file query.txt (compact mmCIF, C-alpha atoms and all ligand atoms)
# COMPACT_ATOMS: atom_id res chain seq x y z
CA MET A 447 -39.13 -12.30 11.28
CA SER A 448 -41.90 -10.48 9.48
CA LYS A 449 -43.45 -12.29 6.54
CA ASP A 450 -43.59 -9.01 4.65
CA SER A 451 -39.92 -9.10 3.91
CA PHE A 452 -38.21 -10.13 0.71
CA THR A 453 -35.20 -11.02 2.87
CA VAL A 454 -33.79 -14.40 3.87
CA PHE A 455 -32.46 -14.01 7.43
CA ARG A 456 -29.82 -16.18 9.06
CA GLY A 457 -28.06 -16.21 12.42
CA ASP A 458 -28.94 -15.73 16.07
CA THR A 459 -31.16 -12.67 16.28
CA SER A 460 -32.40 -13.36 19.82
CA ARG A 461 -30.14 -10.78 21.46
CA LEU A 462 -30.63 -8.00 18.96
CA ARG A 463 -32.51 -4.86 19.95
CA ASN A 464 -34.47 -2.57 17.66
CA ILE A 465 -34.28 0.32 20.15
CA VAL A 466 -30.81 1.57 21.04
CA PRO A 467 -30.21 4.41 23.52
CA ILE A 468 -27.65 6.49 21.73
CA ALA A 469 -26.78 9.81 23.41
CA GLU A 470 -24.63 8.15 26.07
CA ARG A 471 -22.52 6.52 23.36
CA MET A 472 -21.52 9.90 21.99
CA THR A 473 -19.74 11.05 25.16
CA PRO A 474 -15.98 11.23 25.85
CA GLN A 475 -16.48 8.94 28.85
CA PHE A 476 -18.09 6.21 26.76
CA TYR A 477 -15.35 6.53 24.17
CA GLU A 478 -12.72 5.93 26.85
CA ASP A 479 -14.39 2.58 27.56
CA GLU A 480 -14.60 1.73 23.86
CA LYS A 481 -10.88 2.34 23.33
CA THR A 482 -9.94 -0.29 25.86
CA ALA A 483 -12.76 -2.79 25.60
CA ILE A 484 -13.09 -2.76 21.81
CA PHE A 485 -10.01 -1.39 20.07
CA ARG A 486 -7.46 -3.00 22.41
CA ARG A 487 -9.34 -6.29 22.25
CA ALA A 488 -10.59 -6.90 18.71
CA TRP A 489 -8.78 -8.06 15.61
CA LEU A 490 -8.58 -4.89 13.51
CA VAL A 491 -8.00 -4.44 9.80
CA ALA A 492 -4.72 -2.58 9.31
CA ALA A 493 -4.10 -2.69 5.56
CA SER A 494 -4.67 -4.40 2.26
CA ALA A 495 -1.94 -6.87 1.37
CA LEU A 496 -2.61 -5.96 -2.27
CA ASP A 497 -0.47 -2.87 -1.49
CA LEU A 498 2.44 -5.14 -0.52
CA ARG A 499 3.22 -7.23 -3.59
CA LYS A 500 7.03 -7.21 -3.71
CA LYS A 501 9.65 -7.99 -1.10
CA GLY A 502 10.38 -4.72 0.71
CA ASP A 503 7.01 -3.11 -0.05
CA PHE A 504 5.77 -1.27 3.04
CA LEU A 505 3.09 1.11 4.19
CA VAL A 506 2.56 3.10 7.34
CA THR A 507 -0.88 3.21 8.86
CA ASP A 508 -2.33 4.82 11.95
CA ILE A 509 -4.53 3.29 14.63
CA PRO A 510 -6.07 6.58 15.81
CA PRO A 511 -7.99 5.33 18.89
CA LEU A 512 -4.75 3.94 20.35
CA LYS A 513 -2.58 6.77 19.00
CA MET A 514 -0.30 4.27 17.29
CA SER A 515 1.60 4.29 14.04
CA LEU A 516 2.23 0.87 12.49
CA LEU A 517 4.71 -0.23 9.84
CA VAL A 518 3.32 -3.02 7.64
CA VAL A 519 6.04 -4.59 5.49
CA ARG A 520 6.67 -7.57 3.24
CA GLY A 521 10.15 -8.66 4.29
CA ASN A 522 12.88 -10.05 2.11
CA ASP A 523 11.71 -13.50 3.24
CA ASP A 524 8.35 -12.69 1.54
CA ARG A 525 6.45 -12.68 4.84
CA ILE A 526 4.22 -9.78 5.83
CA ARG A 527 4.86 -8.46 9.35
CA VAL A 528 3.57 -5.52 11.33
CA PHE A 529 5.75 -3.47 13.69
CA HIS A 530 5.28 -0.41 15.81
CA ASN A 531 6.70 2.45 13.77
CA VAL A 532 8.93 3.46 16.66
CA CYS A 533 12.72 3.45 16.81
CA ARG A 534 14.14 1.35 19.63
CA HIS A 535 16.82 3.95 20.47
CA ARG A 536 14.82 6.89 21.80
CA GLY A 537 11.41 6.34 20.32
CA ASP A 538 11.39 8.60 17.30
CA ARG A 539 9.05 7.81 14.42
CA LEU A 540 11.06 5.44 12.27
CA VAL A 541 9.37 5.74 8.87
CA HIS A 542 7.88 9.03 7.71
CA ASP A 543 6.88 8.02 4.18
CA ALA A 544 3.36 6.68 3.71
CA SER A 545 4.56 3.78 1.54
CA GLY A 546 7.43 2.56 -0.59
CA CYS A 547 9.84 -0.33 -1.08
CA ARG A 548 13.02 -0.76 1.01
CA ARG A 549 15.43 -3.43 2.14
CA ALA A 550 16.06 -1.51 5.37
CA PHE A 551 14.74 1.40 7.40
CA SER A 552 17.08 3.99 8.85
CA CYS A 553 15.94 6.33 11.62
CA GLY A 554 16.32 10.00 10.80
CA PHE A 555 17.33 10.98 14.34
CA HIS A 556 20.59 9.03 14.95
CA ALA A 557 20.52 6.60 11.99
CA TRP A 558 19.91 3.26 13.68
CA THR A 559 19.02 0.82 10.89
CA TYR A 560 16.58 -2.09 10.78
CA ALA A 561 16.12 -4.84 8.20
CA ASN A 562 12.70 -5.12 6.56
CA THR A 563 12.24 -8.26 8.66
CA GLY A 564 12.59 -6.18 11.84
CA GLU A 565 16.11 -6.92 13.13
CA LEU A 566 18.31 -4.08 14.29
CA THR A 567 21.25 -4.26 11.88
CA GLY A 568 23.11 -1.01 12.38
CA VAL A 569 23.96 1.14 15.40
CA THR A 570 25.91 4.28 14.62
CA ASP A 571 28.91 5.02 16.87
CA ALA A 572 28.35 1.58 18.38
CA THR A 573 31.37 1.64 20.73
CA GLN A 574 29.52 4.20 22.83
CA PHE A 575 26.80 1.66 23.69
CA PRO A 576 28.92 -0.79 25.72
CA GLY A 577 27.24 -4.16 26.12
CA LEU A 578 24.33 -3.36 23.78
CA GLN A 579 23.00 -6.63 22.38
CA LYS A 580 21.50 -5.74 19.01
CA GLU A 581 19.42 -8.90 18.86
CA HIS A 582 17.32 -7.58 21.73
CA PHE A 583 16.51 -4.31 19.99
CA GLY A 584 14.65 -5.28 16.87
CA LEU A 585 11.45 -3.45 15.93
CA LEU A 586 8.57 -4.16 18.30
CA PRO A 587 6.26 -6.67 16.61
CA VAL A 588 2.48 -6.42 16.55
CA HIS A 589 0.28 -9.53 16.54
CA SER A 590 -0.83 -9.84 12.93
CA GLU A 591 -2.40 -12.27 10.50
CA VAL A 592 -3.17 -12.03 6.80
CA TRP A 593 -6.61 -13.18 5.68
CA GLU A 594 -7.58 -13.05 2.01
CA ASN A 595 -5.18 -10.20 1.25
CA ILE A 596 -6.33 -8.25 4.31
CA VAL A 597 -3.81 -7.62 7.09
CA PHE A 598 -5.32 -7.83 10.56
CA VAL A 599 -3.65 -6.75 13.78
CA ASN A 600 -4.46 -7.31 17.41
CA LEU A 601 -3.14 -4.76 19.88
CA ALA A 602 -3.86 -6.65 23.08
CA ASP A 603 -0.77 -7.81 24.97
CA GLN A 604 -1.97 -11.31 24.15
CA PRO A 605 -4.92 -11.83 21.78
CA ARG A 606 -7.70 -13.85 23.37
CA GLU A 607 -8.17 -15.92 20.24
CA SER A 608 -6.69 -16.44 16.78
CA LEU A 609 -8.07 -14.49 13.84
CA ARG A 610 -9.69 -17.74 12.68
CA ASP A 611 -11.60 -18.03 15.93
CA TRP A 612 -12.45 -14.31 15.94
CA LEU A 613 -13.94 -14.42 12.43
CA GLY A 614 -15.62 -17.77 13.07
CA PRO A 615 -17.62 -19.33 10.24
CA ILE A 616 -16.69 -16.76 7.61
CA TYR A 617 -12.96 -17.44 7.93
CA ASP A 618 -12.97 -20.16 5.27
CA GLN A 619 -15.73 -18.73 3.09
CA TYR A 620 -13.88 -16.05 1.12
CA ARG A 621 -10.96 -18.02 -0.24
CA GLY A 622 -9.51 -16.28 -3.28
CA PHE A 623 -12.21 -13.62 -3.54
CA SER A 624 -9.64 -10.86 -4.11
CA ALA A 625 -7.28 -12.82 -6.38
CA GLY A 626 -6.00 -10.89 -9.39
CA ARG A 627 -7.17 -7.54 -8.07
CA THR A 628 -5.36 -4.29 -7.50
CA LYS A 629 -6.17 -1.03 -5.73
CA ILE A 630 -7.82 1.52 -8.02
CA ALA A 631 -8.92 4.22 -5.57
CA ASP A 632 -8.03 5.46 -2.10
CA HIS A 633 -10.11 8.14 -0.37
CA ARG A 634 -9.66 9.58 3.10
CA VAL A 635 -11.63 12.20 5.01
CA VAL A 636 -11.99 13.24 8.65
CA LEU A 637 -15.59 13.87 9.66
CA ASN A 638 -17.26 15.54 12.60
CA THR A 639 -19.05 12.42 13.73
CA ASN A 640 -18.88 9.52 16.13
CA TRP A 641 -17.40 6.33 14.69
CA ASN A 642 -20.46 4.22 15.54
CA LEU A 643 -22.70 6.43 13.40
CA ALA A 644 -20.18 6.32 10.58
CA VAL A 645 -20.08 2.50 10.52
CA ASN A 646 -23.86 2.38 10.75
CA ALA A 647 -24.34 4.48 7.60
CA PHE A 648 -22.72 1.71 5.56
CA CYS A 649 -24.52 -1.16 7.24
CA GLU A 650 -27.96 -0.79 5.69
CA GLY A 651 -29.50 -0.30 2.27
CA TYR A 652 -32.74 1.23 3.57
CA HIS A 653 -31.41 4.68 2.67
CA ASN A 654 -30.42 4.09 -0.94
CA LEU A 655 -33.90 4.76 -2.32
CA TYR A 656 -33.77 8.21 -0.76
CA ILE A 657 -30.35 9.78 -0.39
CA HIS A 658 -29.00 8.22 -3.59
CA ARG A 659 -32.11 8.94 -5.68
CA ASN A 660 -30.30 11.43 -7.90
CA THR A 661 -26.97 9.67 -8.34
CA VAL A 662 -28.00 6.02 -8.72
CA PRO A 663 -31.79 5.99 -8.86
CA ASP A 664 -32.47 2.48 -10.16
CA TYR A 665 -29.48 0.25 -9.56
CA GLN A 666 -31.00 -1.81 -6.76
CA GLY A 667 -34.22 -3.74 -6.32
CA GLY A 668 -36.70 -4.15 -9.12
CA SER A 669 -40.42 -4.44 -9.63
CA ALA A 670 -40.59 -7.49 -7.35
CA ASN A 671 -38.79 -5.67 -4.55
CA PRO A 672 -39.99 -2.06 -4.48
CA HIS A 673 -38.63 -1.32 -0.98
CA ARG A 674 -35.24 -2.68 -2.02
CA HIS A 675 -35.12 -5.13 0.85
CA ARG A 676 -31.83 -6.94 1.15
CA ALA A 677 -31.91 -10.36 -0.49
CA TYR A 678 -30.07 -11.88 2.45
CA ILE A 679 -29.08 -10.76 5.95
CA GLU A 680 -26.89 -12.76 8.33
CA VAL A 681 -25.60 -11.86 11.77
CA GLY A 682 -22.70 -13.49 13.61
CA GLU A 683 -20.64 -12.84 16.71
CA HIS A 684 -18.01 -10.59 15.13
CA PHE A 685 -19.48 -10.02 11.68
CA ALA A 686 -22.74 -9.36 9.90
CA ARG A 687 -23.48 -9.22 6.20
CA TYR A 688 -26.12 -8.61 3.62
CA SER A 689 -26.57 -9.17 -0.09
CA ALA A 690 -28.12 -6.43 -2.22
CA HIS A 691 -30.55 -7.01 -5.06
CA GLY A 692 -29.33 -5.69 -8.43
CA ASN A 693 -32.19 -4.21 -10.45
CA PRO A 694 -32.60 -6.40 -13.56
CA ASN A 695 -34.33 -3.46 -15.24
CA HIS A 696 -31.59 -0.95 -14.54
CA LYS A 697 -31.40 1.48 -17.48
CA ALA A 698 -27.75 1.88 -18.32
CA THR A 699 -26.80 5.51 -18.90
CA PRO A 700 -25.22 6.37 -22.28
CA ALA A 701 -21.84 6.49 -20.52
CA GLU A 702 -22.34 3.06 -18.96
CA GLN A 703 -23.44 1.64 -22.33
CA VAL A 704 -20.26 2.85 -24.02
CA LEU A 705 -17.82 2.11 -21.21
CA TYR A 706 -19.17 -1.22 -20.05
CA GLY A 707 -19.63 -2.28 -23.67
CA ASN A 708 -15.84 -2.43 -23.77
CA SER A 709 -15.14 -3.74 -20.30
CA ARG A 710 -16.46 -5.87 -17.52
CA PRO A 711 -19.27 -3.91 -15.82
CA MET A 712 -18.70 -2.42 -12.41
CA PHE A 713 -20.70 -0.20 -10.08
CA PRO A 714 -23.44 0.86 -10.64
CA SER A 715 -24.09 -1.85 -13.22
CA PHE A 716 -24.38 -5.47 -12.26
CA ILE A 717 -24.25 -8.43 -14.53
CA ASP A 718 -25.26 -12.00 -14.95
CA ILE A 719 -22.33 -13.96 -13.65
CA ASP A 720 -21.83 -17.59 -12.82
CA ILE A 721 -22.68 -17.24 -9.17
CA ASP A 722 -21.69 -20.82 -8.44
CA LYS A 723 -18.09 -19.88 -9.16
CA LEU A 724 -18.06 -17.30 -6.32
CA PRO A 725 -16.46 -18.32 -3.02
CA PRO A 726 -19.20 -19.56 -0.67
CA GLY A 727 -19.09 -16.39 1.48
CA VAL A 728 -19.71 -14.09 -1.47
CA ASN A 729 -23.43 -13.88 -2.26
CA PRO A 730 -23.93 -16.58 0.38
CA SER A 731 -27.58 -17.28 -0.47
CA ARG A 732 -26.72 -17.59 -4.19
CA PHE A 733 -29.31 -14.95 -5.03
CA ASP A 734 -29.49 -14.88 -8.82
CA GLN A 735 -29.96 -11.11 -9.23
CA TRP A 736 -27.08 -10.37 -6.92
CA ALA A 737 -25.47 -6.93 -6.98
CA PHE A 738 -22.99 -6.82 -4.09
CA ASP A 739 -22.47 -7.76 -0.46
CA ILE A 740 -21.76 -5.64 2.57
CA VAL A 741 -19.80 -7.40 5.30
CA HIS A 742 -19.42 -5.62 8.63
CA LEU A 743 -16.23 -6.79 10.29
CA VAL A 744 -16.66 -5.86 13.96
CA PRO A 745 -15.80 -3.27 15.09
CA ASN A 746 -15.05 -0.66 12.45
CA VAL A 747 -14.57 -2.07 8.95
CA VAL A 748 -16.96 -2.73 6.10
CA LEU A 749 -15.94 -5.01 3.25
CA GLY A 750 -17.96 -4.76 0.03
CA PRO A 751 -17.46 -7.70 -2.36
CA GLN A 752 -18.81 -7.43 -5.92
CA ALA A 753 -18.28 -9.45 -9.07
CA ASN A 754 -15.44 -7.44 -10.61
CA THR A 755 -14.50 -5.17 -7.76
CA HIS A 756 -14.58 -4.79 -4.00
CA SER A 757 -14.20 -2.07 -1.41
CA LEU A 758 -12.68 -1.83 2.03
CA MET A 759 -13.88 0.95 4.36
CA TRP A 760 -12.50 1.93 7.74
CA PHE A 761 -14.20 4.13 10.32
CA TRP A 762 -11.48 4.98 12.84
CA PRO A 763 -12.39 7.02 15.89
CA ILE A 764 -10.00 9.89 16.56
CA ASP A 765 -12.04 10.87 19.58
CA HIS A 766 -15.73 10.66 20.50
CA ALA A 767 -16.62 13.38 17.96
CA HIS A 768 -14.25 12.80 15.02
CA THR A 769 -13.86 9.88 12.67
CA ASP A 770 -11.15 9.17 10.13
CA VAL A 771 -12.89 7.50 7.16
CA ARG A 772 -10.74 5.58 4.70
CA VAL A 773 -12.22 3.98 1.60
CA GLN A 774 -10.24 1.81 -0.80
CA ARG A 775 -11.58 0.32 -4.02
CA PHE A 776 -10.07 -2.67 -5.81
CA ALA A 777 -10.68 -4.18 -9.23
CA PHE A 778 -9.24 -6.74 -11.64
CA GLN A 779 -5.73 -5.98 -12.85
CA THR A 780 -5.68 -4.92 -16.47
CA ASP A 781 -3.61 -3.06 -19.06
CA ARG A 782 -6.51 -2.62 -21.49
CA PRO A 783 -7.41 1.04 -21.99
CA GLY A 784 -11.12 0.17 -22.16
CA ASP A 785 -10.95 -1.47 -18.75
CA ARG A 786 -8.99 1.41 -17.26
CA ILE A 787 -11.52 3.97 -18.48
CA ALA A 788 -14.43 1.90 -17.21
CA GLN A 789 -12.76 1.56 -13.82
CA ALA A 790 -12.12 5.31 -13.68
CA TYR A 791 -15.78 5.94 -14.46
CA SER A 792 -16.85 3.57 -11.70
CA ILE A 793 -14.56 5.35 -9.20
CA VAL A 794 -16.11 8.72 -10.01
CA ARG A 795 -19.69 7.44 -9.79
CA GLY A 796 -18.84 5.66 -6.56
CA ARG A 797 -17.32 8.80 -5.10
CA GLU A 798 -20.49 10.81 -5.78
CA VAL A 799 -22.50 8.20 -3.92
CA LEU A 800 -19.95 8.06 -1.11
CA ARG A 801 -20.25 11.83 -0.58
CA GLU A 802 -23.98 11.41 -0.01
CA ASP A 803 -23.30 8.74 2.60
CA LEU A 804 -20.66 10.84 4.34
CA ALA A 805 -22.97 13.84 4.63
CA THR A 806 -25.46 11.84 6.71
CA MET A 807 -22.74 10.86 9.16
CA GLU A 808 -22.15 14.47 10.16
CA THR A 809 -25.78 15.59 10.22
CA SER A 810 -26.85 12.52 12.24
CA TYR A 811 -24.11 13.26 14.74
CA THR A 812 -25.27 16.85 15.11
CA GLY A 813 -28.79 15.68 15.91
CA ILE A 814 -27.83 12.85 18.23
CA SER A 815 -25.08 14.64 20.14
CA SER A 816 -27.53 17.39 21.07
CA GLY A 817 -28.95 14.81 23.49
CA VAL A 818 -32.59 15.32 22.57
CA LEU A 819 -33.13 11.83 21.17
CA PRO A 820 -33.87 9.13 23.76
CA HIS A 821 -32.90 6.33 21.39
CA ILE A 822 -32.68 5.32 17.75
CA VAL A 823 -35.18 2.91 16.20
CA LEU A 824 -33.97 0.17 13.86
CA SER A 825 -35.88 -1.87 11.27
CA GLN A 826 -35.21 -5.46 10.29
CA GLN A 827 -33.43 -4.10 7.24
CA GLU A 828 -31.07 -2.33 9.64
CA MET A 829 -30.19 -5.57 11.40
CA LEU A 830 -26.45 -5.12 10.83
CA ILE A 831 -26.69 -1.98 12.96
CA GLN A 832 -28.57 -3.88 15.64
CA ASN A 833 -25.78 -6.43 15.56
CA HIS A 834 -23.11 -3.72 15.73
CA TYR A 835 -24.46 -2.48 19.07
CA ARG A 836 -24.96 -6.04 20.34
CA ALA A 837 -21.33 -6.87 19.52
CA ALA A 838 -20.02 -3.61 20.98
CA ASP A 839 -22.02 -4.12 24.17
CA ASP A 840 -20.74 -7.69 24.49
CA LEU A 841 -17.14 -6.48 24.25
CA LEU A 842 -17.80 -3.69 26.75
CA ALA A 843 -19.45 -6.16 29.14
CA GLU A 844 -16.60 -8.64 28.73
CA HIS A 845 -14.26 -5.92 29.89
CA GLY A 846 -16.50 -5.08 32.83
CA ASN A 847 -17.50 -1.72 31.44
CA ARG A 848 -20.89 -0.11 31.52
CA HIS A 849 -23.03 -1.24 28.66
CA VAL A 850 -26.39 -0.32 27.31
CA ARG A 851 -29.21 -2.85 27.20
CA THR A 852 -32.90 -2.22 26.88
CA PRO A 853 -35.81 -4.50 26.12
CA ALA A 854 -36.93 -4.73 22.52
CA ALA A 855 -39.76 -2.34 21.70
S1 LIG A 901 15.70 7.73 17.98
FE1 LIG A 901 16.13 6.53 16.24
S2 LIG A 901 18.24 6.47 16.12
FE2 LIG A 901 17.85 7.72 17.83
FE FE A 902 -25.25 4.69 0.70
call {"tool": "encode", "arguments": {"input": "query.txt", "output": "structure tokens"}}
result
Amino acid sequence: MSKDSFTVFRGDTSRLRNIVPIAERMTPQFYEDEKTAIFRRAWLVAASALDLRKKGDFLVTDIPPLKMSLLVVRGNDDRIRVFHNVCRHRGDRLVHDASGCRRAFSCGFHAWTYANTGELTGVTDATQFPGLQKEHFGLLPVHSEVWENIVFVNLADQPRESLRDWLGPIYDQYRGFSAGRTKIADHRVVLNTNWNLAVNAFCEGYHNLYIHRNTVPDYQGGSANPHRHRAYIEVGEHFARYSAHGNPNHKATPAEQVLYGNSRPMFPSFIDIDIDKLPPGVNPSRFDQWAFDIVHLVPNVVLGPQANTHSLMWFWPIDHAHTDVRVQRFAFQTDRPGDRIAQAYSIVRGREVLREDLATMETSYTGISSGVLPHIVLSQQEMLIQNHYRAADDLLAEHGNRHVRTPAA
């Protein structure tokens, strides 16, 4: 690594490339390979378990690249399961609501009924199905595991490894990081972009000095770190993460002074906290002017832990040229009006910044999909993006697909 960097690097960087041919990845043909080799293979984040607190709580979520609808539900036995949202009779969509709380689900077409643990409990006009054994017609289960209040699914017939083995060293490092938190914001937008470019826009902080100069001009870095290098960057097989440097000289706006004077500070203010009390995966280098982390969970999710809040961002491909972006924000549960107002302020500020990020995803796609660019060029500060393409290429190669590999420039 260059000595000019403020950053502490960790992980195997030997197979990363700073030049990535990109036009080929934007094509429908390449996307067909990605659907099978990546989205039918990887452990994918389906939902936040913080949305499923009580027995019977459920939500419906889509897996756009596989054209699937999933039902995620906390059963009456208190266990979270994931099912295909498909009725076993003739395949109609079982649940149409986005979320709710139910003991049972009844299909709208012919009213077959299923318990919230998946068993088929009711068949209307049952005498006309001679010999039907109800126990064989429960909802179709999806391989799923819950990790730190995040529900993962695997849509392979048989996952190649457990979620623990997929996540590797980070599996045990985040214990309890989301305890006591609740969802405070949920944004969704479909963009004219390729999913790889959308993930990439959230995997580096190089841009924040420029595209966020009007919304959050001084919240990162500081006089010792004028280029706002990441404090820490780590790459792993199915994850990569960085820690951002909170600016100790950040000038709180009048609104921040009032709101965060009555509440625990949140974005874009960062505070002195007892960093030793954080789980080992959060601020892993124990950087003392820590602002937040970005954790890329291969392939398409970015987790953003902070002291009093965190975010979960999905970048789901709909096709090679459209991406469904979902962003959820979480913060400490509270009934105090001062906290609620401060959280609302943080959501609004965060949304302004998010809009700036989203805009680049569409304009980059326009440029790259024109085919004029031979490759993209990535700095050390964009190492998470380098790792994204390394991981994607490994999965494509594992499946015997074409994959892109060029020597480092
Ligand atoms: S398709 Fe659901 S009951 Fe007929
Ligand atoms: Fe950004």
call {"tool": "closest_atom_pairs", "arguments": {"input": "query.txt", "of": "chain A", "to": "ligand FE 902 (chain A)", "cutoff": "12 Å", "atoms": "only C-alpha atoms and all ligand atoms", "output": "JSON lines"}}
result
{"residue": "A:Ala644", "atom": "CA", "partner": "A:FE902", "partner_atom": "FE", "distance": 11.2}
{"residue": "A:Val645", "atom": "CA", "partner": "A:FE902", "partner_atom": "FE", "distance": 11.3}
{"residue": "A:Asn646", "atom": "CA", "partner": "A:FE902", "partner_atom": "FE", "distance": 10.4}
{"residue": "A:Ala647", "atom": "CA", "partner": "A:FE902", "partner_atom": "FE", "distance": 7.0}
{"residue": "A:Phe648", "atom": "CA", "partner": "A:FE902", "partner_atom": "FE", "distance": 6.2}
{"residue": "A:Cys649", "atom": "CA", "partner": "A:FE902", "partner_atom": "FE", "distance": 8.8}
{"residue": "A:Glu650", "atom": "CA", "partner": "A:FE902", "partner_atom": "FE", "distance": 7.9}
{"residue": "A:Gly651", "atom": "CA", "partner": "A:FE902", "partner_atom": "FE", "distance": 6.7}
{"residue": "A:Tyr652", "atom": "CA", "partner": "A:FE902", "partner_atom": "FE", "distance": 8.7}
{"residue": "A:His653", "atom": "CA", "partner": "A:FE902", "partner_atom": "FE", "distance": 6.5}
{"residue": "A:Asn654", "atom": "CA", "partner": "A:FE902", "partner_atom": "FE", "distance": 5.5}
{"residue": "A:Leu655", "atom": "CA", "partner": "A:FE902", "partner_atom": "FE", "distance": 9.2}
{"residue": "A:Tyr656", "atom": "CA", "partner": "A:FE902", "partner_atom": "FE", "distance": 9.3}
{"residue": "A:Ile657", "atom": "CA", "partner": "A:FE902", "partner_atom": "FE", "distance": 7.3}
{"residue": "A:His658", "atom": "CA", "partner": "A:FE902", "partner_atom": "FE", "distance": 6.7}
{"residue": "A:Arg659", "atom": "CA", "partner": "A:FE902", "partner_atom": "FE", "distance": 10.3}
{"residue": "A:Thr661", "atom": "CA", "partner": "A:FE902", "partner_atom": "FE", "distance": 10.5}
{"residue": "A:Val662", "atom": "CA", "partner": "A:FE902", "partner_atom": "FE", "distance": 9.9}
{"residue": "A:Pro663", "atom": "CA", "partner": "A:FE902", "partner_atom": "FE", "distance": 11.7}
{"residue": "A:Tyr665", "atom": "CA", "partner": "A:FE902", "partner_atom": "FE", "distance": 12.0}
{"residue": "A:Gln666", "atom": "CA", "partner": "A:FE902", "partner_atom": "FE", "distance": 11.4}
{"residue": "A:Ala690", "atom": "CA", "partner": "A:FE902", "partner_atom": "FE", "distance": 11.8}
{"residue": "A:Ile740", "atom": "CA", "partner": "A:FE902", "partner_atom": "FE", "distance": 11.1}
{"residue": "A:Gly750", "atom": "CA", "partner": "A:FE902", "partner_atom": "FE", "distance": 12.0}
{"residue": "A:Gly796", "atom": "CA", "partner": "A:FE902", "partner_atom": "FE", "distance": 9.7}
{"residue": "A:Arg797", "atom": "CA", "partner": "A:FE902", "partner_atom": "FE", "distance": 10.6}
{"residue": "A:Glu798", "atom": "CA", "partner": "A:FE902", "partner_atom": "FE", "distance": 10.1}
{"residue": "A:Val799", "atom": "CA", "partner": "A:FE902", "partner_atom": "FE", "distance": 6.4}
{"residue": "A:Leu800", "atom": "CA", "partner": "A:FE902", "partner_atom": "FE", "distance": 6.5}
{"residue": "A:Arg801", "atom": "CA", "partner": "A:FE902", "partner_atom": "FE", "distance": 8.8}
{"residue": "A:Glu802", "atom": "CA", "partner": "A:FE902", "partner_atom": "FE", "distance": 6.9}
{"residue": "A:Asp803", "atom": "CA", "partner": "A:FE902", "partner_atom": "FE", "distance": 4.9}
{"residue": "A:Leu804", "atom": "CA", "partner": "A:FE902", "partner_atom": "FE", "distance": 8.5}
{"residue": "A:Ala805", "atom": "CA", "partner": "A:FE902", "partner_atom": "FE", "distance": 10.2}
{"residue": "A:Thr806", "atom": "CA", "partner": "A:FE902", "partner_atom": "FE", "distance": 9.3}
{"residue": "A:Met807", "atom": "CA", "partner": "A:FE902", "partner_atom": "FE", "distance": 10.8}
call {"tool": "closest_residue", "arguments": {"input": "query.txt", "among": "A:Leu498, A:Ala837, A:Cys533, A:Leu578", "to": "A:Ala557", "atoms": "all atoms listed in the file"}}
result
A:Cys533
call {"tool": "atom_distance", "arguments": {"input": "query.txt", "atom1": "atom CA of A:Ala677", "atom2": "atom CA of A:Ile717"}}
result
16.1 Å
call {"tool": "closest_atom_pairs", "arguments": {"input": "query.txt", "of": "chain A", "to": "ligand LIG 901 (chain A)", "cutoff": "10 Å", "atoms": "only C-alpha atoms and all ligand atoms", "output": "JSON lines"}}
result
{"residue": "A:Val532", "atom": "CA", "partner": "A:LIG901", "partner_atom": "FE1", "distance": 7.8}
{"residue": "A:Cys533", "atom": "CA", "partner": "A:LIG901", "partner_atom": "FE1", "distance": 4.6}
{"residue": "A:Arg534", "atom": "CA", "partner": "A:LIG901", "partner_atom": "FE1", "distance": 6.5}
{"residue": "A:His535", "atom": "CA", "partner": "A:LIG901", "partner_atom": "S1", "distance": 4.7}
{"residue": "A:Arg536", "atom": "CA", "partner": "A:LIG901", "partner_atom": "S1", "distance": 4.0}
{"residue": "A:Gly537", "atom": "CA", "partner": "A:LIG901", "partner_atom": "S1", "distance": 5.1}
{"residue": "A:Asp538", "atom": "CA", "partner": "A:LIG901", "partner_atom": "S1", "distance": 4.4}
{"residue": "A:Arg539", "atom": "CA", "partner": "A:LIG901", "partner_atom": "FE1", "distance": 7.4}
{"residue": "A:Leu540", "atom": "CA", "partner": "A:LIG901", "partner_atom": "FE1", "distance": 6.5}
{"residue": "A:Ser552", "atom": "CA", "partner": "A:LIG901", "partner_atom": "S2", "distance": 7.8}
{"residue": "A:Cys553", "atom": "CA", "partner": "A:LIG901", "partner_atom": "FE1", "distance": 4.6}
{"residue": "A:Gly554", "atom": "CA", "partner": "A:LIG901", "partner_atom": "FE1", "distance": 6.5}
{"residue": "A:Phe555", "atom": "CA", "partner": "A:LIG901", "partner_atom": "FE2", "distance": 4.8}
{"residue": "A:His556", "atom": "CA", "partner": "A:LIG901", "partner_atom": "S2", "distance": 3.7}
{"residue": "A:Ala557", "atom": "CA", "partner": "A:LIG901", "partner_atom": "S2", "distance": 4.7}
{"residue": "A:Trp558", "atom": "CA", "partner": "A:LIG901", "partner_atom": "S2", "distance": 4.4}
{"residue": "A:Thr559", "atom": "CA", "partner": "A:LIG901", "partner_atom": "S2", "distance": 7.7}
{"residue": "A:Gly568", "atom": "CA", "partner": "A:LIG901", "partner_atom": "S2", "distance": 9.7}
{"residue": "A:Val569", "atom": "CA", "partner": "A:LIG901", "partner_atom": "S2", "distance": 7.9}
{"residue": "A:Thr570", "atom": "CA", "partner": "A:LIG901", "partner_atom": "S2", "distance": 8.1}
call {"tool": "residues_around", "arguments": {"input": "query.txt", "residues": "A:Phe476", "least_positions_apart": "2", "cutoff": "12 Å", "atoms": "all atoms listed in the file", "output": "PyMOL selection string"}}
result
chain A and resi 468-474+478-484+640+642+765-767+838-839+842+847-850
call {"tool": "closest_residue", "arguments": {"input": "query.txt", "among": "A:His696, A:His633, A:Arg463, A:His845", "to": "A:Met829", "atoms": "only C-alpha atoms"}}
result
A:Arg463
